[in-house]
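Structure file data30.cif with mmCIF, C-alpha atoms:
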```cif
data_upload
loop_
_atom_site.label_atom_id
_atom_site.label_comp_id
_atom_site.auth_asym_id
_atom_site.auth_seq_id
_atom_site.Cartn_x
_atom_site.Cartn_y
_atom_site.Cartn_z
CA MET A 16 33.95 -55.09 36.72
CA PRO A 17 34.10 -53.42 33.25
CA LEU A 18 32.36 -50.12 32.63
CA LEU A 19 29.35 -50.28 30.30
CA SER A 20 29.12 -47.46 27.74
CA THR A 21 25.85 -45.83 26.72
CA ARG A 22 24.91 -43.77 23.68
CA GLY A 23 22.52 -41.04 24.68
CA ALA A 24 22.14 -37.38 23.74
CA GLY A 25 25.44 -36.59 25.46
CA SER A 26 27.43 -39.31 23.73
CA ALA A 27 29.57 -39.00 20.61
CA LYS A 28 26.65 -40.20 18.49
CA GLY A 29 24.02 -38.13 20.29
CA PHE A 30 21.99 -35.26 18.89
CA GLY A 31 24.02 -32.67 17.02
CA LEU A 32 27.44 -34.15 17.84
CA THR A 33 30.01 -35.75 15.57
CA ALA A 34 33.60 -36.73 16.23
CA GLY A 35 35.64 -33.66 17.09
CA GLY A 36 32.57 -31.50 17.61
CA ALA A 37 30.75 -30.13 20.63
CA PRO A 38 27.17 -30.75 21.74
CA TRP A 39 24.75 -28.55 19.83
CA ASP A 40 22.23 -26.72 21.95
CA GLY A 41 19.88 -26.38 18.97
CA LEU A 42 20.22 -22.59 18.74
CA THR A 43 19.81 -21.53 15.11
CA ASP A 44 19.98 -18.16 13.41
CA PHE A 45 17.43 -17.31 10.73
CA LEU A 46 16.60 -14.86 7.97
CA VAL A 47 13.00 -15.04 6.71
CA VAL A 48 12.08 -12.83 3.73
CA ALA A 49 8.61 -12.93 2.18
CA GLY A 50 7.68 -12.46 -1.47
CA GLY A 51 7.72 -8.90 -2.82
CA GLY A 52 4.67 -7.04 -4.09
CA PRO A 53 4.09 -6.11 -7.75
CA GLY A 54 4.37 -2.63 -9.20
CA GLY A 55 1.19 -0.80 -10.12
CA GLY A 56 -0.03 -1.41 -13.68
CA GLY A 57 -3.03 -0.89 -15.89
CA GLY A 58 -3.60 2.74 -14.94
CA ASN A 59 -1.35 5.69 -15.75
CA ASN A 60 1.95 5.75 -13.86
CA GLY A 61 2.20 3.02 -11.28
CA GLY A 62 3.85 3.00 -7.88
CA GLY A 63 6.62 0.54 -7.03
CA GLY A 64 5.82 -2.70 -5.24
CA GLY A 65 6.68 -3.08 -1.57
CA ALA A 66 9.41 -5.50 -0.53
CA GLY A 67 8.60 -8.69 1.31
CA GLY A 68 8.75 -8.46 5.08
CA LEU A 69 12.14 -9.29 6.63
CA ARG A 70 12.71 -10.87 10.05
CA THR A 71 16.07 -12.12 11.30
CA SER A 72 18.14 -13.03 14.33
CA TYR A 73 21.36 -12.30 12.46
CA GLY A 74 21.52 -8.51 12.56
CA PRO A 75 18.77 -5.90 12.28
CA SER A 76 15.28 -6.88 11.17
CA GLY A 77 13.29 -4.82 8.69
CA GLY A 78 11.37 -1.70 9.54
CA GLY A 79 14.05 -0.56 11.97
CA GLY A 80 13.55 -3.56 14.26
CA GLY A 81 16.38 -5.18 16.19
CA ALA A 82 17.71 -8.71 15.94
CA GLU A 83 15.27 -11.33 17.19
CA SER A 84 16.06 -14.31 19.42
CA LYS A 85 17.47 -17.42 17.79
CA LYS A 86 15.25 -20.46 17.44
CA THR A 87 15.96 -23.72 19.28
CA LEU A 88 15.64 -26.79 17.06
CA THR A 89 15.26 -30.38 18.28
CA PRO A 90 15.40 -33.57 16.18
CA GLY A 91 12.59 -33.74 13.66
CA SER A 92 11.29 -32.26 10.43
CA TYR A 93 10.60 -28.55 9.97
CA PRO A 94 8.43 -27.40 7.05
CA ILE A 95 9.69 -24.22 5.40
CA THR A 96 7.44 -21.95 3.33
CA VAL A 97 9.06 -19.58 0.84
CA GLY A 98 6.68 -16.82 -0.21
CA GLY A 99 6.14 -16.03 -3.88
CA GLY A 100 6.25 -12.59 -5.42
CA GLY A 101 2.94 -11.00 -6.39
CA ALA A 102 2.19 -11.23 -10.12
CA GLY A 103 2.23 -7.99 -12.08
CA SER A 104 -0.81 -6.92 -14.10
CA ASN A 105 -1.62 -4.64 -17.05
CA THR A 106 -5.32 -4.47 -16.24
CA GLY A 107 -5.25 -3.35 -12.61
CA GLN A 108 -3.55 -3.87 -9.29
CA GLY A 109 -1.84 -7.23 -8.86
CA PRO A 110 -1.94 -9.33 -5.67
CA SER A 111 0.45 -8.80 -2.77
CA GLY A 112 3.39 -11.11 -2.22
CA THR A 113 2.82 -14.18 -0.04
CA PRO A 114 4.32 -14.93 3.41
CA SER A 115 7.47 -16.90 4.19
CA ILE A 116 7.35 -19.12 7.31
CA PHE A 117 9.92 -20.87 9.48
CA SER A 118 8.79 -22.35 12.81
CA THR A 119 6.97 -19.54 14.66
CA ILE A 120 8.46 -16.85 12.41
CA THR A 121 6.18 -15.45 9.69
CA SER A 122 7.17 -12.61 7.39
CA THR A 123 4.37 -10.75 5.58
CA GLY A 124 4.27 -10.45 1.78
CA GLY A 125 5.01 -7.07 0.20
CA GLY A 126 2.19 -4.69 -0.74
CA ALA A 127 1.21 -3.91 -4.33
CA GLY A 128 1.92 -0.55 -5.97
CA GLY A 129 -0.94 1.86 -6.58
CA LEU A 130 -2.25 3.20 -9.88
CA TYR A 131 -4.32 5.96 -11.49
CA PRO A 132 -6.77 7.40 -10.66
CA ASN A 133 -7.30 6.62 -6.97
CA VAL A 134 -6.02 3.13 -6.22
CA PRO A 135 -3.53 3.44 -3.33
CA GLY A 136 -0.59 1.17 -2.63
CA THR A 137 -1.54 -1.71 -0.36
CA ASN A 138 -0.17 -2.62 3.06
CA GLY A 139 2.36 -5.41 3.47
CA GLY A 140 5.71 -6.40 4.94
CA SER A 141 6.73 -3.18 3.20
CA GLY A 142 4.00 -1.06 1.65
CA GLY A 143 3.43 -0.49 -2.05
CA GLY A 144 4.06 3.01 -3.41
CA GLY A 145 1.24 5.31 -4.44
CA GLY A 146 0.54 5.61 -8.16
CA GLN A 147 -0.40 8.78 -10.02
CA GLY A 148 -3.56 10.23 -8.53
CA SER A 149 -6.41 12.25 -10.01
CA SER A 150 -6.76 15.94 -9.17
CA PRO A 151 -5.19 17.15 -6.91
CA GLY A 152 -2.74 14.36 -7.71
CA VAL A 153 -2.35 12.76 -4.28
CA ASN A 154 -2.41 8.97 -3.97
CA THR A 155 -1.21 7.28 -0.79
CA GLY A 156 1.25 4.46 -0.31
CA GLY A 157 0.64 1.37 1.80
CA SER A 158 1.90 0.84 5.33
CA GLY A 159 4.71 -1.52 6.29
CA THR A 160 4.58 -4.07 9.12
CA ALA A 161 6.37 -3.28 12.40
CA ASN A 162 9.85 -4.85 12.57
CA GLN A 163 9.55 -6.12 8.99
CA GLY A 164 9.54 -3.19 6.58
CA PHE A 165 8.73 0.43 5.80
CA ALA A 166 5.86 2.23 4.09
CA GLY A 167 5.46 2.96 0.42
CA ALA A 168 5.56 6.66 -0.43
CA THR A 169 2.62 8.93 -1.18
CA CYS A 170 2.42 10.36 -4.70
CA PHE A 171 2.22 14.15 -5.08
CA GLY A 172 3.10 14.31 -8.78
CA ASN A 173 2.43 12.88 -12.21
CA SER A 174 4.68 9.86 -11.80
CA GLY A 175 4.36 7.07 -9.27
CA SER A 176 6.11 6.83 -5.90
CA GLY A 177 8.52 4.21 -4.63
CA GLY A 178 7.65 1.04 -2.77
CA GLY A 179 8.94 0.58 0.76
CA GLY A 180 11.97 -1.55 1.55
CA ALA A 181 13.06 -3.42 4.65
CA GLY A 182 15.60 -0.70 5.41
CA ALA A 183 13.90 2.51 4.26
CA ALA A 184 10.62 3.99 3.08
CA GLY A 185 9.93 4.60 -0.59
CA GLN A 186 10.62 8.01 -2.15
CA GLU A 187 7.76 10.43 -2.80
CA SER A 188 7.17 11.84 -6.27
CA THR A 189 6.56 15.56 -6.67
CA ASN A 190 6.14 18.11 -9.47
CA SER A 191 7.06 21.24 -7.52
CA PRO A 192 9.36 22.97 -6.66
CA VAL A 193 11.43 20.33 -8.47
CA TYR A 194 10.40 17.17 -10.23
CA ILE A 195 11.21 13.96 -8.32
CA THR A 196 10.17 10.48 -9.26
CA GLY A 197 9.86 7.66 -6.75
CA ASN A 198 12.82 5.39 -6.05
CA GLY A 199 12.21 2.24 -4.03
CA GLY A 200 13.41 2.07 -0.43
CA ASN A 201 16.62 0.15 0.22
CA GLY A 202 16.60 -3.25 1.88
CA VAL A 203 18.71 -4.58 4.75
CA ALA A 204 22.22 -6.05 4.42
CA SER A 205 22.99 -9.41 6.03
CA ASP A 206 26.00 -11.76 6.12
CA ILE A 207 23.96 -14.83 7.11
CA SER A 208 24.42 -16.53 3.72
CA GLY A 209 28.22 -16.38 4.03
CA THR A 210 28.41 -13.63 1.39
CA PRO A 211 29.09 -10.35 3.24
CA GLY A 212 26.99 -7.31 2.49
CA THR A 213 24.14 -9.05 0.66
CA TYR A 214 21.02 -6.87 0.62
CA TYR A 215 17.52 -8.29 0.88
CA ALA A 216 14.00 -6.87 0.48
CA GLY A 217 14.43 -3.69 -1.57
CA GLY A 218 11.37 -1.72 -2.70
CA GLY A 219 10.32 -1.35 -6.33
CA GLY A 220 10.84 1.88 -8.28
CA ALA A 221 7.94 3.82 -9.81
CA GLY A 222 7.00 4.43 -13.43
CA VAL A 223 7.77 7.84 -14.94
CA HIS A 224 5.42 10.20 -16.81
CA GLY A 225 6.71 11.01 -20.29
CA SER A 226 6.03 14.76 -20.12
CA GLN A 227 8.76 15.37 -17.56
CA PRO A 228 12.02 16.95 -18.79
CA PRO A 229 14.82 14.35 -19.01
CA ALA A 230 17.26 16.74 -17.34
CA THR A 231 15.36 16.34 -14.08
CA ILE A 232 15.55 12.53 -14.16
CA PRO A 233 18.97 11.55 -15.52
CA ILE A 234 18.29 7.80 -15.31
CA GLY A 235 14.78 8.13 -16.72
CA TYR A 236 12.96 5.92 -14.20
CA GLY A 237 12.34 5.29 -10.52
CA ALA A 238 15.21 3.06 -9.38
CA GLY A 239 14.63 -0.12 -7.38
CA GLY A 240 16.06 -0.19 -3.85
CA LEU A 241 19.12 -2.21 -2.88
CA GLY A 242 18.03 -5.78 -2.21
CA GLY A 243 16.39 -6.78 -5.46
CA GLY A 244 13.90 -3.96 -6.01
CA GLY A 245 12.82 -3.72 -9.67
CA ASN A 246 13.14 -0.52 -11.68
CA GLY A 247 10.09 1.41 -12.81
CA ALA A 248 9.18 1.91 -16.47
CA ALA A 249 11.12 4.67 -18.24
CA SER A 250 9.41 6.85 -20.83
CA ILE A 251 12.12 9.55 -20.91
CA GLY A 252 15.87 9.79 -20.45
CA PRO A 253 18.63 7.50 -21.73
CA ARG A 254 16.62 4.30 -21.36
CA ALA A 255 13.45 5.58 -23.00
CA PRO A 256 11.24 3.87 -23.78
CA SER A 257 11.57 0.74 -21.69
CA ALA A 258 9.39 -1.39 -19.45
CA GLY A 259 10.20 -1.79 -15.78
CA THR A 260 11.84 -4.83 -14.25
CA ALA A 261 10.63 -7.45 -11.81
CA GLY A 262 11.85 -7.81 -8.24
CA THR A 263 14.68 -10.30 -7.80
CA ASN A 264 13.83 -13.86 -6.82
CA GLY A 265 15.56 -15.04 -3.67
CA LEU A 266 15.74 -11.48 -2.33
CA GLY A 267 12.06 -10.57 -1.97
CA GLY A 268 12.29 -7.31 -3.92
CA GLY A 269 9.26 -5.29 -5.01
CA GLY A 270 8.41 -5.01 -8.72
CA GLY A 271 8.71 -1.86 -10.81
CA GLY A 272 5.69 0.32 -11.66
CA SER A 273 4.29 0.98 -15.14
CA SER A 274 4.31 4.11 -17.32
CA GLU A 275 1.28 5.33 -19.27
CA ASN A 276 3.55 6.02 -22.24
CA ILE A 277 4.62 2.39 -22.62
CA GLY A 278 2.06 -0.23 -23.61
CA PRO A 279 0.57 -2.33 -22.21
CA ARG A 280 1.16 -0.45 -18.94
CA GLN A 281 2.54 -3.55 -17.27
CA GLY A 282 3.21 -3.61 -13.55
CA GLN A 283 6.19 -5.88 -12.90
CA SER A 284 6.06 -8.88 -10.56
CA GLY A 285 7.63 -8.98 -7.13
CA GLY A 286 10.55 -11.30 -6.39
CA ASP A 287 10.20 -14.58 -4.51
CA GLY A 288 11.42 -14.63 -0.91
CA VAL A 289 14.04 -16.76 0.84
CA VAL A 290 14.62 -18.54 4.17
CA ILE A 291 18.22 -18.97 5.39
CA LEU A 292 19.22 -20.86 8.55
CA ARG A 293 22.68 -20.91 10.15
CA ALA A 294 24.27 -22.84 13.04
CA PRO A 295 27.79 -22.54 14.48
CA LYS A 296 30.77 -24.51 13.21
CA ALA A 297 31.56 -26.05 16.59
CA ALA A 298 28.10 -27.61 16.83
CA ARG A 299 28.25 -29.50 13.52
CA PRO A 300 24.48 -30.03 13.37
CA LYS A 301 23.19 -32.92 11.26
CA TRP A 302 20.92 -31.21 8.76
CA SER A 303 19.41 -32.25 5.45
CA VAL A 304 17.25 -30.17 3.11
CA SER A 305 14.66 -31.03 0.49
CA PRO A 306 13.84 -30.72 -2.32
CA GLY A 307 17.19 -30.61 -4.11
CA THR A 308 16.67 -27.03 -5.30
CA ASN A 309 17.47 -25.96 -1.74
CA THR A 310 21.04 -26.20 -0.48
CA LYS A 311 23.19 -26.93 2.57
CA THR A 312 26.57 -25.22 2.44
CA THR A 313 29.45 -24.19 4.68
CA ALA A 314 30.32 -20.57 5.43
CA PRO A 315 33.95 -19.38 5.16
CA ASN A 316 34.24 -19.70 8.95
CA GLY A 317 32.81 -23.23 8.92
CA ASP A 318 29.25 -22.49 10.04
CA VAL A 319 26.52 -24.69 8.54
CA ILE A 320 24.00 -22.85 6.31
CA ALA A 321 20.70 -24.10 4.86
CA THR A 322 19.18 -21.93 2.11
CA PHE A 323 15.58 -22.37 0.95
CA THR A 324 14.59 -20.67 -2.30
CA VAL A 325 11.51 -22.88 -2.67
CA SER A 326 9.22 -24.36 -0.03
CA GLY A 327 10.60 -27.55 1.46
CA THR A 328 11.73 -29.32 4.63
CA LEU A 329 14.67 -29.08 7.00
CA THR A 330 15.38 -32.39 8.75
CA VAL A 331 17.38 -32.32 12.00
CA SER A 332 18.83 -35.60 13.32
#
```
Let me see the file written as structure tokens.
Amino acid sequence: MPLLSTRGAGSAKGFGLTAGGAPWDGLTDFLVVAGGGPGGGGGNNGGGGGAGGLRTSYGPSGGGGGAESKKTLTPGSYPITVGGGGAGSNTGQGPSGTPSIFSTITSTGGGAGGLYPNVPGTNGGSGGGGGQGSSPGVNTGGSGTANQGFAGATCFGNSGSGGGGAGAAGQESTNSPVYITGNGGNGVASDISGTPGTYYAGGGGAGVHGSQPPATIPIGYGAGGLGGGGNGAASIGPRAPSAGTAGTNGLGGGGGGSSENIGPRQGQSGGDGVVILRAPKAARPKWSVSPGTNTKTTAPNGDVIATFTVSGTLTVS
């Protein structure tokens, strides 16, 4: 009597299996980065925006957290939300970045930078840096979210302080005993995209007060942190005068803070976030992504990678 073949989940045409491959158990690595916060603007010297929160199973998470557990995917459609960066303002404090979401993983948007006289940086995935404060000159930074990012720095000087990054807190600004302006905190490096050493979620740099001697600030501005943090506005030094820069889209960086010496005291926008998913080469999962702005690629080692730079859908079959 001949044997009758069947085609179930364990067959060559079953879930996650193609010719020459092995059954896929659905385990998927992820990197979820929210939108970065804007730098402080509209007051005197603004603090840098906080980076978007960073959660991942592929190496360390933000805020000093460890790698999280992979997600198990089954056939079906998975909506992906990519958080937008908070819009910068020249009339006050802009809104925080918005969350990025994959399955049960939500990363919190970055906090906005503070501004003069007493508007502190706001809380977020990473906190926004404190802007210049009124007498006695202290203006606090916002808090980061556990296992997502670090705090923005408190301002003790005339210039703003740096926004927090996924890998480090922002830098405080001081007037004494030496003048320091606020650099943004660095983000976290990840190889999940197939490009080794890519940093994500850097904090925004702060704006600089024009009365400070250029010799104390050779670059003339608070530098953005590694991972797409924007630079603060420079009113002194080799770049003077120049506006700050926005956080980098696709990295979730915080925006640069404003300077009172550069009109219209514009706080720069945070960068949009990103969601990246990765499954092993041997599994050969059947994935499709939409809309077409998002991509499905192959890593140098053959792993399958889906990258979402705008909100969309991952379909698993």
(request) For the point (18.0, -11.7, 13.9) in the file's frame, write as a count of residues only all residues with an atom no more than 7 Å away, counting all atoms listed in the file. (result) 14
(request) Write out as an NGL selection string the residues lying within 8 Å of segment 153-164 of chain A, counting only C-alpha atoms and excluding same-chain residues fewer than 5 positions away. (result) :A and (66-70 or 76-81 or 122-123 or 126 or 128-129 or 133-148 or 169-172 or 176 or 178-183)
(message) Ranking A:Gly56, A:Gly63, A:Gly244, A:Asn190 by minimum distance to Leu130 of chain A and counting all atoms listed in the file, which one comes first?
(response) A:Gly56
(request) Quote the spacing between atom CA of Ser257 of chain A and atom CA of Gly220 of chain A in Å to one decimal place. (result)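 It comes out at 13.5 Å.
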Using only C-alpha atoms, collect all residues at a distance of at most 6 Å from (7.3, -16.5, -3.9) as written in the file, then present them as a JSON list (two decimals) with C-alpha atoms, in the frame of the given file.
```json
[["chain", "number", "residue", "atom", "x", "y", "z"],
["A", 50, "GLY", "CA", 7.68, -12.46, -1.47],
["A", 97, "VAL", "CA", 9.06, -19.58, 0.84],
["A", 98, "GLY", "CA", 6.68, -16.82, -0.21],
["A", 99, "GLY", "CA", 6.14, -16.03, -3.88],
["A", 100, "GLY", "CA", 6.25, -12.59, -5.42],
["A", 287, "ASP", "CA", 10.20, -14.58, -4.51],
["A", 288, "GLY", "CA", 11.42, -14.63, -0.91]]
```
Contact check, segment 219-328 of chain A to segment 57-60 of chain A, at most 10 Å, counting only C-alpha atoms, closest pairs as a tab-separated table:
```
residue	atom	partner	partner_atom	distance
A:Ala221	CA	A:Asn60	CA	7.5
A:Gly222	CA	A:Asn60	CA	5.2
A:Val223	CA	A:Asn60	CA	6.3
A:His224	CA	A:Asn60	CA	6.4
A:Gly225	CA	A:Asn60	CA	9.6
A:Gly247	CA	A:Asn60	CA	9.3
A:Ala248	CA	A:Asn60	CA	8.6
A:Gly272	CA	A:Asn60	CA	7.0
A:Ser273	CA	A:Asn60	CA	5.5
A:Ser274	CA	A:Asn60	CA	4.5
A:Glu275	CA	A:Asn59	CA	4.4
A:Asn276	CA	A:Asn59	CA	8.1
A:Ile277	CA	A:Asn59	CA	9.7
A:Gly278	CA	A:Gly57	CA	9.3
A:Pro279	CA	A:Gly57	CA	7.4
A:Arg280	CA	A:Gly57	CA	5.2
A:Gln281	CA	A:Gly57	CA	6.3
A:Gly282	CA	A:Gly57	CA	7.2
```
(message) For the provided coordinates, the residues matched by the PyMOL selection byres ((chain A and resi 245) around 6) should be stated as a list in words.
(response) Gly219, Gly239, Gly244, Asn246, Thr260, Ala261, Gly262, Gly270 and Gly271 of chain A
(request) Given the file shown, determine the residues that the PyMOL selection byres ((chain A and resi 268) around 6) selects; report them as a VMD selection string. (result) chain A and resid 51 66 216 to 218 243 to 244 262 to 263 266 to 267 269 285 to 286
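When only C-alpha atoms are used to compute distances to Ser208 of chain A, the closest of the residues A:Thr310, A:Asn173, A:Ser104, A:Ser326 turns out to be A:Thr310.
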(request) Identify which of the residues A:Gly52, A:Gly41, A:Gly62, A:Pro256 lies closest to Ala297 of chain A, counting only C-alpha atoms when measuring atom-to-atom distances. (result) A:Gly41
(message) I need the residue nearest Gly235 of chain A from this list: A:Ser250, A:Ser303, A:Asn264, A:Gln108. Use only C-alpha atoms for the distance.
(response)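 So, comparing all the options, the nearest one is A:Ser250.
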(request) For the file shown, report as a ChimeraX atom specification the outcome of the PyMOL selection byres ((chain A and resi 43) around 12) at residue level. (result) /A:39-42,44-46,71-73,83-89,117-118,207,291-296,298-300,302,318-321,331
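Among the candidates A:Gly197, A:Thr312, A:Gly307, A:Ser149, the one nearest to Gly167 of chain A when counting only C-alpha atoms is A:Gly197.
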(message) Just checking: using only C-alpha atoms, which residue out of A:Gly61, A:Pro94, A:Gly265, A:Gly199 ends up closest to Ser305 of chain A?
(response)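 Looking only at the distances to Ser305 of chain A, the closest residue turns out to be A:Pro94.
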(message) Between atom CA of Phe323 of chain A and atom CA of Ile116 of chain A, what distance in Å does the model show, to one decimal?
(response) 10.9 Å
(request) Please indicate the distance in Å from atom CA of Pro53 of chain A to atom CA of Ala102 of chain A, rounded to one decimal place. (result) 6.0 Å
